[in-house]
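Structure data follow from data04.cif (mmCIF, C-alpha atoms):
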data_protein
loop_
_atom_site.label_atom_id
_atom_site.label_comp_id
_atom_site.auth_asym_id
_atom_site.auth_seq_id
_atom_site.Cartn_x
_atom_site.Cartn_y
_atom_site.Cartn_z
CA MET A 1 28.03 50.44 113.34
CA THR A 2 26.27 53.26 115.15
CA THR A 3 24.38 55.63 112.93
CA HIS A 4 22.58 58.89 113.61
CA ARG A 5 19.26 59.46 111.97
CA ARG A 6 17.65 62.79 111.18
CA LYS A 7 14.88 63.85 113.49
CA GLY A 8 11.33 64.18 112.26
CA SER A 9 9.63 62.89 109.13
CA PRO A 10 10.04 64.14 105.57
CA GLU A 11 6.65 65.85 105.88
CA ARG A 12 6.53 69.40 107.17
CA ARG A 13 4.79 70.20 110.43
CA VAL A 14 1.39 71.85 109.86
CA TYR A 15 1.15 75.21 111.61
CA LYS A 16 -2.06 77.01 112.47
CA PRO A 17 -2.40 80.47 110.86
CA ALA A 18 -1.96 82.21 114.21
CA ASP A 19 1.18 80.25 114.94
CA VAL A 20 2.71 81.19 111.61
CA GLU A 21 1.87 84.86 112.12
CA ASN A 22 3.46 84.90 115.59
CA LEU A 23 6.59 83.12 114.36
CA VAL A 24 7.06 85.53 111.46
CA LEU A 25 6.55 88.56 113.73
CA ALA A 26 9.09 87.25 116.22
CA THR A 27 11.59 86.67 113.43
CA GLU A 28 11.19 90.17 112.06
CA GLU A 29 11.68 91.73 115.50
CA SER A 30 14.95 89.95 116.31
CA PRO A 31 16.03 87.63 113.49
CA PHE A 32 19.52 86.78 114.77
CA ALA A 33 18.66 86.48 118.46
CA MET A 34 15.56 84.33 118.15
CA GLU A 35 16.02 80.67 119.10
CA PRO A 36 14.11 78.35 116.75
CA PRO A 37 11.81 75.71 118.22
CA ALA A 38 13.30 72.32 119.02
CA GLU A 39 11.94 70.69 115.89
CA ALA A 40 13.64 73.34 113.73
CA SER A 41 17.13 72.62 115.12
CA ILE A 42 19.83 71.30 112.77
CA PRO A 43 19.47 67.50 112.65
CA GLU A 44 22.36 65.15 113.29
CA PRO A 45 24.05 63.55 110.25
CA ALA A 46 22.85 60.12 109.14
CA VAL A 47 26.39 58.72 108.93
CA ASP A 48 28.86 56.92 111.13
CA ILE A 49 30.76 59.82 112.71
CA VAL A 50 33.66 57.57 113.68
CA SER A 51 34.64 56.52 110.15
CA SER A 52 33.69 59.75 108.39
CA ILE A 53 35.04 63.28 108.20
CA PRO A 54 33.57 66.56 106.96
CA VAL A 55 34.80 67.20 103.41
CA PHE A 56 33.32 70.67 103.68
CA ASP A 57 32.40 72.84 106.66
CA HIS A 58 28.62 72.72 107.02
CA ALA A 59 28.64 75.44 109.68
CA ALA A 60 30.57 77.70 107.30
CA VAL A 61 27.87 77.12 104.69
CA ILE A 62 25.25 78.44 107.12
CA ARG A 63 27.42 81.43 107.98
CA GLN A 64 27.84 82.33 104.32
CA ILE A 65 24.08 82.05 103.71
CA GLU A 66 23.36 84.31 106.68
CA LEU A 67 25.90 86.86 105.47
CA MET A 68 24.16 86.93 102.10
CA ILE A 69 20.63 87.33 103.48
CA GLY A 70 21.54 89.54 106.45
CA ARG A 71 19.70 87.49 109.06
CA ARG A 72 19.45 84.05 110.57
CA TRP A 73 18.81 81.12 108.21
CA TYR A 74 16.20 78.54 109.21
CA GLY A 75 16.62 75.96 106.50
CA ASP A 76 13.56 73.74 106.13
CA ARG A 77 11.55 76.15 108.36
CA GLU A 78 12.54 79.16 106.29
CA GLU A 79 9.06 79.71 104.81
CA TYR A 80 7.58 79.88 108.31
CA LEU A 81 10.31 81.66 110.25
CA GLY A 82 12.22 83.71 107.69
CA SER A 83 11.54 87.13 106.28
CA PRO A 84 11.63 87.60 102.47
CA LEU A 85 14.98 87.01 100.80
CA PRO A 86 16.86 89.95 99.29
CA SER A 87 17.19 90.41 95.55
CA PHE A 88 20.48 89.05 94.22
CA SER A 89 22.46 89.68 91.08
CA GLU A 90 22.64 86.75 88.69
CA SER A 91 26.06 85.64 89.94
CA ASP A 92 25.10 86.04 93.60
CA GLN A 93 21.89 84.10 93.00
CA LEU A 94 23.95 81.22 91.57
CA ARG A 95 26.19 81.35 94.62
CA PHE A 96 23.21 81.45 97.00
CA ASP A 97 21.58 78.47 95.26
CA ARG A 98 24.83 76.50 95.50
CA LEU A 99 25.16 77.30 99.20
CA VAL A 100 21.58 76.18 99.83
CA ALA A 101 22.32 72.92 98.00
CA LEU A 102 25.35 72.38 100.24
CA TYR A 103 23.23 73.16 103.29
CA HIS A 104 20.75 70.44 102.30
CA ASP A 105 23.50 67.84 101.85
CA SER A 106 22.05 64.68 103.37
CA GLN A 107 25.22 64.00 105.37
CA GLU A 108 25.93 67.63 106.30
CA GLY A 109 29.24 67.51 104.47
CA ARG A 110 30.52 64.29 106.04
CA ARG A 111 31.87 61.46 103.88
CA PRO A 112 33.28 58.02 104.79
CA GLN A 113 37.01 57.40 104.78
CA LEU A 114 38.90 54.41 103.35
CA PHE A 115 40.33 51.77 105.67
CA GLY A 116 42.51 48.85 104.65
CA THR A 117 40.89 45.42 104.46
CA ASP A 118 41.87 41.97 103.25
CA GLY A 119 39.40 42.40 100.40
CA ILE A 120 41.13 45.56 99.16
CA VAL A 121 44.52 43.84 99.34
CA ALA A 122 43.16 40.93 97.30
CA ALA A 123 41.64 43.29 94.72
CA LEU A 124 44.89 45.25 94.41
CA THR A 125 46.84 42.00 94.02
CA GLN A 126 44.56 41.06 91.14
CA THR A 127 44.98 44.54 89.66
CA ARG A 128 48.75 44.07 89.85
CA ARG A 129 48.44 41.07 87.54
CA LEU A 130 46.22 43.03 85.17
CA CYS A 131 48.60 45.98 84.84
CA PRO A 132 52.01 44.82 83.56
CA GLY A 133 54.60 47.54 84.14
CA PHE A 134 52.73 49.10 87.06
CA GLU A 135 53.80 46.59 89.70
CA ALA A 136 55.85 49.13 91.70
CA VAL A 137 52.97 51.62 91.73
CA ILE A 138 50.42 49.08 92.93
CA ASP A 139 52.87 47.70 95.49
CA LEU A 140 52.98 51.19 97.03
CA VAL A 141 49.19 51.21 97.33
CA ILE A 142 49.17 47.65 98.74
CA ARG A 143 51.66 48.61 101.46
CA ALA A 144 49.57 51.67 102.33
CA THR A 145 46.51 49.41 102.58
CA LEU A 146 48.31 46.95 104.85
CA LEU A 147 49.48 49.80 107.09
CA SER A 148 45.92 51.13 107.33
CA LYS A 149 44.63 47.66 108.20
CA ARG A 150 47.32 47.08 110.82
CA THR A 151 46.89 50.45 112.56
CA GLY A 152 43.17 51.04 112.06
CA THR A 153 43.93 54.44 110.56
CA PRO A 154 42.55 55.85 107.29
CA LEU A 155 44.35 54.90 104.10
CA PHE A 156 47.04 57.35 103.04
CA VAL A 157 48.69 57.19 99.61
CA PRO A 158 51.19 59.95 98.79
CA PRO A 159 50.56 61.87 95.53
CA ILE A 160 51.79 59.80 92.58
CA LEU A 161 53.20 60.81 89.20
CA LEU A 162 53.06 58.25 86.38
CA LEU A 163 55.68 59.35 83.88
CA GLY A 164 55.88 57.77 80.44
CA PRO A 165 55.04 57.99 76.73
CA PRO A 166 51.45 58.03 75.48
CA GLY A 167 49.70 54.70 75.19
CA THR A 168 51.37 52.93 78.13
CA GLY A 169 48.10 52.48 80.03
CA LYS A 170 48.60 55.13 82.73
CA THR A 171 44.96 56.23 82.77
CA HIS A 172 43.67 52.67 82.60
CA ALA A 173 45.85 51.58 85.53
CA SER A 174 44.61 54.53 87.60
CA GLN A 175 41.01 53.50 86.97
CA LEU A 176 41.71 49.91 88.01
CA ILE A 177 43.44 51.07 91.21
CA ALA A 178 40.39 53.16 92.13
CA ARG A 179 38.13 50.18 91.43
CA ALA A 180 40.26 47.94 93.63
CA LEU A 181 40.10 50.49 96.46
CA GLY A 182 36.33 50.59 96.09
CA THR A 183 36.31 54.35 95.68
CA GLU A 184 35.32 56.95 93.09
CA ILE A 185 37.64 58.37 90.47
CA HIS A 186 37.44 61.93 89.18
CA ALA A 187 39.45 62.42 85.98
CA ILE A 188 40.50 65.94 85.05
CA SER A 189 42.25 66.66 81.76
CA CYS A 190 44.92 69.27 82.41
CA ALA A 191 45.72 69.51 78.68
CA THR A 192 42.32 71.00 77.91
CA ASN A 193 42.11 73.23 80.99
CA SER A 194 42.61 76.95 80.46
CA ASP A 195 42.15 78.09 84.06
CA ALA A 196 44.01 76.36 86.87
CA GLN A 197 42.19 78.29 89.59
CA ALA A 198 38.83 77.18 88.21
CA LEU A 199 40.14 73.61 88.28
CA VAL A 200 41.09 73.74 91.96
CA VAL A 201 39.25 76.42 93.96
CA GLY A 202 36.92 78.26 91.59
CA HIS A 203 36.46 82.02 91.30
CA PRO A 204 34.62 84.63 93.40
CA THR A 205 31.40 86.07 92.00
CA SER A 206 33.24 89.18 90.83
CA TRP A 207 34.58 87.04 87.96
CA LYS A 208 32.51 86.46 84.86
CA ALA A 209 30.91 82.99 84.78
CA ALA A 210 32.27 82.21 88.26
CA HIS A 211 31.62 78.76 89.71
CA MET A 212 32.98 76.27 92.23
CA GLY A 213 36.31 74.59 91.56
CA GLN A 214 36.17 71.28 89.72
CA LEU A 215 37.88 69.51 92.61
CA THR A 216 35.75 71.01 95.37
CA GLU A 217 32.59 70.43 93.33
CA ALA A 218 33.59 66.77 92.89
CA MET A 219 34.11 66.41 96.63
CA ALA A 220 30.75 68.02 97.40
CA MET A 221 28.89 65.82 94.91
CA GLY A 222 30.83 62.63 95.68
CA SER A 223 30.17 59.88 98.20
CA THR A 224 33.63 59.51 99.76
CA ALA A 225 36.24 61.59 101.53
CA GLN A 226 38.96 59.71 99.67
CA PRO A 227 38.37 59.47 95.92
CA VAL A 228 41.12 58.96 93.38
CA VAL A 229 41.67 62.23 91.51
CA LEU A 230 43.40 61.68 88.17
CA LEU A 231 45.26 64.76 86.91
CA ASP A 232 45.73 63.59 83.34
CA GLU A 233 48.61 65.09 81.33
CA VAL A 234 49.58 67.42 84.15
CA ASP A 235 52.68 68.48 82.19
CA LYS A 236 50.40 70.21 79.68
CA LEU A 237 48.68 72.45 82.23
CA SER A 238 48.82 75.97 80.81
CA THR A 239 46.60 78.97 81.40
CA HIS A 240 46.58 82.72 80.76
CA SER A 241 49.86 84.61 81.05
CA SER A 242 49.13 86.27 84.41
CA GLU A 243 48.52 82.98 86.22
CA LYS A 244 51.02 80.50 87.61
CA PRO A 245 49.05 77.28 87.27
CA TYR A 246 51.44 75.02 89.17
CA HIS A 247 51.35 77.33 92.18
CA THR A 248 47.58 76.82 92.21
CA LEU A 249 47.99 73.06 91.90
CA LEU A 250 50.46 73.12 94.79
CA THR A 251 47.64 73.95 97.21
CA VAL A 252 46.09 70.49 96.83
CA LEU A 253 49.39 68.58 96.90
CA GLU A 254 50.56 70.25 100.11
CA GLY A 255 49.03 68.51 103.14
CA GLU A 256 48.48 71.57 105.31
CA THR A 257 46.71 73.67 102.66
CA SER A 258 44.66 70.78 101.28
CA ARG A 259 43.18 70.18 104.73
CA ALA A 260 41.36 73.53 104.67
CA LEU A 261 41.18 74.51 101.02
CA MET A 262 38.94 77.54 100.54
CA ASP A 263 36.61 77.40 97.55
CA GLU A 264 36.56 80.97 96.27
CA PHE A 265 33.01 80.78 94.90
CA VAL A 266 31.10 79.63 97.99
CA ARG A 267 33.78 80.77 100.51
CA VAL A 268 33.62 77.45 102.33
CA PRO A 269 36.69 75.38 103.30
CA PHE A 270 37.09 71.84 101.95
CA ASP A 271 39.23 68.98 103.22
CA LEU A 272 41.08 67.22 100.37
CA SER A 273 43.81 65.76 102.57
CA GLY A 274 42.54 62.20 102.10
CA VAL A 275 42.34 62.33 98.30
CA VAL A 276 44.51 59.86 96.38
CA PHE A 277 46.11 62.06 93.72
CA VAL A 278 47.46 60.35 90.60
CA ALA A 279 49.03 62.59 87.96
CA THR A 280 50.17 61.45 84.52
CA ALA A 281 52.78 63.13 82.34
CA ASN A 282 54.81 62.54 79.19
CA ASP A 283 57.52 65.16 79.80
CA VAL A 284 58.95 65.59 83.29
CA ASP A 285 61.01 68.61 82.20
CA ALA A 286 57.78 70.58 81.78
CA LEU A 287 57.04 70.29 85.50
CA PRO A 288 58.57 72.68 88.07
CA ASP A 289 60.79 71.17 90.74
CA PHE A 290 58.44 72.17 93.59
CA ILE A 291 55.71 70.00 92.03
CA ILE A 292 57.98 67.03 91.38
CA ASP A 293 59.25 67.21 94.97
CA ARG A 294 55.73 66.58 96.23
CA LEU A 295 55.09 63.60 93.98
CA THR A 296 56.26 60.00 94.16
CA VAL A 297 57.50 59.50 90.60
CA PHE A 298 57.21 56.20 88.73
CA THR A 299 58.60 55.88 85.21
CA ILE A 300 56.34 53.67 83.09
CA ALA A 301 58.13 52.19 80.11
CA GLN A 302 56.52 51.21 76.84
CA PRO A 303 55.55 47.52 77.25
CA ARG A 304 57.66 45.06 75.25
CA ASP A 305 57.99 41.36 74.67
CA GLU A 306 55.77 39.26 76.90
CA ALA A 307 54.50 42.33 78.78
CA LEU A 308 53.22 43.78 75.51
CA LEU A 309 51.48 40.54 74.63
CA ALA A 310 49.92 40.48 78.11
CA VAL A 311 48.60 44.02 77.66
CA ALA A 312 47.12 43.06 74.29
CA GLY A 313 45.43 40.06 75.91
CA LEU A 314 43.89 42.23 78.64
CA ILE A 315 42.55 44.76 76.14
CA ALA A 316 41.13 41.94 74.02
CA ALA A 317 39.46 40.36 77.08
CA ASN A 318 37.78 43.67 77.92
CA ILE A 319 36.44 44.00 74.38
CA VAL A 320 35.14 40.41 74.39
CA ALA A 321 33.33 41.21 77.67
CA GLU A 322 31.88 44.43 76.20
CA LEU A 323 30.55 42.37 73.29
CA ARG A 324 28.74 40.12 75.79
CA GLY A 325 31.02 37.20 75.15
CA CYS A 326 29.41 36.69 71.74
CA VAL A 327 32.84 36.69 70.06
CA ALA A 328 35.79 34.38 70.62
CA LYS A 329 38.87 35.40 72.54
CA PRO A 330 41.68 36.07 69.98
CA THR A 331 44.35 33.41 69.59
CA GLN A 332 47.98 34.09 70.49
CA ASP A 333 48.94 34.45 66.81
CA VAL A 334 46.22 37.06 66.30
CA LEU A 335 47.24 38.91 69.48
CA ARG A 336 50.90 38.99 68.42
CA ARG A 337 49.92 40.59 65.14
CA ALA A 338 47.56 43.06 66.84
CA ALA A 339 50.22 43.93 69.45
CA ARG A 340 52.21 45.78 66.79
CA GLN A 341 49.89 48.69 67.51
CA ASN A 342 50.31 51.23 70.28
CA PRO A 343 48.20 50.02 73.27
CA ARG A 344 46.11 53.20 73.01
CA ARG A 345 45.19 52.27 69.42
CA LEU A 346 44.85 48.56 70.02
CA GLY A 347 41.27 48.67 71.33
CA LYS A 348 40.06 50.46 68.21
CA LEU A 349 41.94 48.00 66.02
CA LEU A 350 40.35 44.96 67.64
CA ARG A 351 36.83 46.41 67.46
CA VAL A 352 37.26 47.13 63.75
CA ALA A 353 38.68 43.62 63.24
CA PHE A 354 35.67 42.04 64.97
CA GLY A 355 33.49 44.00 62.55
CA PHE A 356 35.28 42.38 59.60
CA ALA A 357 34.76 38.96 61.21
CA ALA A 358 31.04 39.64 61.77
CA ALA A 359 30.60 40.74 58.17
CA ASP A 360 32.06 37.37 57.14
CA GLY A 361 29.73 35.47 59.50
CA ARG A 362 32.46 34.53 62.00
CA ASP A 363 32.86 34.97 65.77
CA ALA A 364 36.63 34.40 65.79
CA LEU A 365 39.29 36.74 64.44
CA THR A 366 41.80 35.75 61.80
CA LEU A 367 45.11 37.39 60.89
CA GLY A 368 43.38 38.69 57.78
CA ASP A 369 40.87 40.60 59.94
CA ILE A 370 43.74 42.28 61.80
CA VAL A 371 45.52 43.19 58.57
CA ALA A 372 42.35 44.71 57.12
CA ALA A 373 41.71 46.64 60.34
CA GLU A 374 45.29 47.98 60.40
CA THR A 375 44.76 49.66 57.05
CA LEU A 376 41.75 51.55 58.40
CA VAL A 377 43.04 52.34 61.87
CA ALA A 378 46.67 53.25 61.37
CA GLY A 379 47.61 52.77 57.72
CA ALA A 380 49.95 50.09 56.43
CA ALA A 381 53.04 52.27 56.89
CA GLN A 382 52.45 52.56 60.67
CA ALA A 383 51.81 48.87 61.24
CA ARG A 384 55.40 48.03 62.06
CA PRO A 385 56.58 45.45 64.58
CA ILE A 386 58.04 46.45 67.94
CA GLY A 387 59.82 44.43 70.55
CA PHE A 388 59.84 40.69 69.97
CA LEU A 389 57.33 40.62 67.10
CA ALA A 390 58.65 38.99 63.96
CA ALA A 391 57.17 40.93 61.07
CA ARG A 392 58.29 38.59 58.32
CA GLY A 393 56.85 35.48 59.88
CA GLU A 394 53.55 37.23 60.59
CA ARG A 395 53.29 38.52 57.02
CA ASP A 396 53.85 35.02 55.71
CA ARG A 397 51.06 33.61 57.85
CA ALA A 398 48.76 36.47 56.90
CA GLY A 399 49.31 35.69 53.24
CA GLN A 400 51.15 38.97 52.47
#

Show the structure stored in the file as structure tokens.
Amino acid sequence: MTTHRRKGSPERRVYKPADVENLVLATEESPFAMEPPAEASIPEPAVDIVSSIPVFDHAAVIRQIELMIGRRWYGDREEYLGSPLPSFSESDQLRFDRLVALYHDSQEGRRPQLFGTDGIVAALTQTRRLCPGFEAVIDLVIRATLLSKRTGTPLFVPPILLLGPPGTGKTHASQLIARALGTEIHAISCATNSDAQALVVGHPTSWKAAHMGQLTEAMAMGSTAQPVVLLDEVDKLSTHSSEKPYHTLLTVLEGETSRALMDEFVRVPFDLSGVVFVATANDVDALPDFIIDRLTVFTIAQPRDEALLAVAGLIAANIVAELRGCVAKPTQDVLRRAARQNPRRLGKLLRVAFGFAAADGRDALTLGDIVAAETLVAGAAQARPIGFLAARGERDRAGQ
């Protein structure tokens, strides 16, 4: 792989006093027309330009800085070539500092793309086994990976909506998909967001407490052009009465607008066209048709029967791993009893149960530990069987 390294060393060049004086005078006489010396030119990015794309426009960053200071910007040579900076308001100073941080991005805004490999296919296949009920979703991602591998083009996964009741593992499956792809995941809770524009593109400095959008900030701070962005509980996105939040969200789901999405704070375009968007929702009726039309919708049912037992086993295995393997994997009888709980509550139940076992000097769980934990976690009235679980038989074996 061919890479491009930055020119020069991390140390600054040492100028003689006369040189510095002449450079400053020349800058003050004609700041925009002056050509900087060769060693002050913008260095080439230290990334593979074939497999990477600019997630933000580095040249636009420089233009915005120069508009703010009213002259040419010299970056690392600024203290030698530049005249004093103007005084900014507090909000403009925050914007200027953010622009300077973007200017100093080590890759000049470029980030690597995702390409399909046999390793990713194998990881996704394993994830498929670990996520009962999400087979169709992961199959979509596997086919996209195979197409990328066959054509040598970047991975493209259409925006996905995981629709289903709470506790079906939608967020967990999204995290495992991102891990299998070998990419980052940025989770955004739409239920707790009160400003859709701040979520997507930020606000100009004329707004109080303006800042970059959460999505554009994540892209700037991230290490890939194609992260997984999880829009959790997108059906609960609600903001102030004068805003139409789903119209704002539409800008990132529409391919043309997401390719040059303008962040309103720094006034720099971002490319989010390669992002893998995964939205979760409980109520499809709360979403407008123009959003649903741009999503590939998968209905995730509450796990039952053997699928429910498999989910319980996966959650238990994760907890055993978190506890450094110092506890025993629960038996099938224990898992069947624990699987009465909603999957979202099951992890808490098992951790509490392992505490009861530890207090009794044991590494393995018993049915009695689960029963005791149920009382604390959900209350006896909520610990009812679902699916194939036989409550009477379990109560008999638990000594109830």

Since I can't run it myself right now, could you work out what the PyMOL selection byres ((chain A and resi 157-166) around 8) selects here and report it as a short mmCIF file (atom, residue, chain, number, x, y, z; two decimals) with C-alpha atoms, keeping the file's coordinate frame?
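Written output follows (selection15.cif):
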data_model
loop_
_atom_site.label_atom_id
_atom_site.label_comp_id
_atom_site.auth_asym_id
_atom_site.auth_seq_id
_atom_site.Cartn_x
_atom_site.Cartn_y
_atom_site.Cartn_z
CA LEU A 140 52.98 51.19 97.03
CA VAL A 141 49.19 51.21 97.33
CA ALA A 144 49.57 51.67 102.33
CA LEU A 155 44.35 54.90 104.10
CA PHE A 156 47.04 57.35 103.04
CA GLY A 167 49.70 54.70 75.19
CA THR A 168 51.37 52.93 78.13
CA GLY A 169 48.10 52.48 80.03
CA LYS A 170 48.60 55.13 82.73
CA LEU A 253 49.39 68.58 96.90
CA VAL A 276 44.51 59.86 96.38
CA PHE A 277 46.11 62.06 93.72
CA VAL A 278 47.46 60.35 90.60
CA ALA A 279 49.03 62.59 87.96
CA THR A 280 50.17 61.45 84.52
CA ALA A 281 52.78 63.13 82.34
CA ASN A 282 54.81 62.54 79.19
CA ASP A 283 57.52 65.16 79.80
CA VAL A 284 58.95 65.59 83.29
CA ARG A 294 55.73 66.58 96.23
CA LEU A 295 55.09 63.60 93.98
CA THR A 296 56.26 60.00 94.16
CA VAL A 297 57.50 59.50 90.60
CA PHE A 298 57.21 56.20 88.73
CA THR A 299 58.60 55.88 85.21
CA ILE A 300 56.34 53.67 83.09
CA ALA A 301 58.13 52.19 80.11
CA GLN A 302 56.52 51.21 76.84
CA ARG A 344 46.11 53.20 73.01
#

Handout entry: Output of the PyMOL selection byres ((chain A and resi 101-103) around 10), listed as an NGL selection string
Key = :A and (56-62 or 65 or 75 or 95-100 or 104-109 or 220-221 or 266 or 268)

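Picture a line from atom CA of Asn318 of chain A to atom CA of Gly116 of chain A; it runs 27.6 Å.
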
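Each of A:Gly325, A:Val234, A:Pro245, A:Arg110 was checked against Ile292 of chain A using all atoms listed in the file; the smallest atom-to-atom distance is that of A:Val234.
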
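Take the candidates A:Thr117, A:Thr145, A:Gln197, A:Ser51 and check each one against Ser238 of chain A using only C-alpha atoms; the shortest distance goes to A:Gln197.
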
Fix up segment 280-293 of chain A with N, CA and C atoms, then write it as a short mmCIF file (atom, residue, chain, number, x, y, z; two decimals), keeping the file's coordinate frame.
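Writing the result to rebuild05.cif gives the following:
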data_model
loop_
_atom_site.label_atom_id
_atom_site.label_comp_id
_atom_site.auth_asym_id
_atom_site.auth_seq_id
_atom_site.Cartn_x
_atom_site.Cartn_y
_atom_site.Cartn_z
N THR A 280 49.46 62.08 85.64
CA THR A 280 50.17 61.45 84.52
C THR A 280 50.87 62.53 83.72
N ALA A 281 52.01 62.16 83.14
CA ALA A 281 52.78 63.13 82.34
C ALA A 281 53.63 62.39 81.33
N ASN A 282 53.91 63.06 80.21
CA ASN A 282 54.81 62.54 79.19
C ASN A 282 56.20 63.17 79.28
N ASP A 283 56.27 64.41 79.78
CA ASP A 283 57.52 65.16 79.80
C ASP A 283 57.77 65.73 81.19
N VAL A 284 58.68 65.13 81.93
CA VAL A 284 58.95 65.59 83.29
C VAL A 284 59.62 66.95 83.31
N ASP A 285 60.32 67.31 82.25
CA ASP A 285 61.01 68.61 82.20
C ASP A 285 60.03 69.78 82.18
N ALA A 286 58.78 69.52 81.81
CA ALA A 286 57.78 70.58 81.78
C ALA A 286 57.23 70.92 83.16
N LEU A 287 57.55 70.08 84.15
CA LEU A 287 57.04 70.29 85.50
C LEU A 287 58.05 71.02 86.36
N PRO A 288 57.63 72.00 87.17
CA PRO A 288 58.57 72.68 88.07
C PRO A 288 59.03 71.75 89.19
N ASP A 289 60.21 72.03 89.71
CA ASP A 289 60.79 71.17 90.74
C ASP A 289 59.91 71.09 91.98
N PHE A 290 59.23 72.20 92.36
CA PHE A 290 58.44 72.17 93.59
C PHE A 290 57.21 71.28 93.46
N ILE A 291 56.79 70.97 92.23
CA ILE A 291 55.71 70.00 92.03
C ILE A 291 56.27 68.59 92.08
N ILE A 292 57.37 68.36 91.40
CA ILE A 292 57.98 67.03 91.38
C ILE A 292 58.36 66.59 92.79
N ASP A 293 58.84 67.54 93.60
CA ASP A 293 59.25 67.21 94.97
C ASP A 293 58.10 66.70 95.82
#
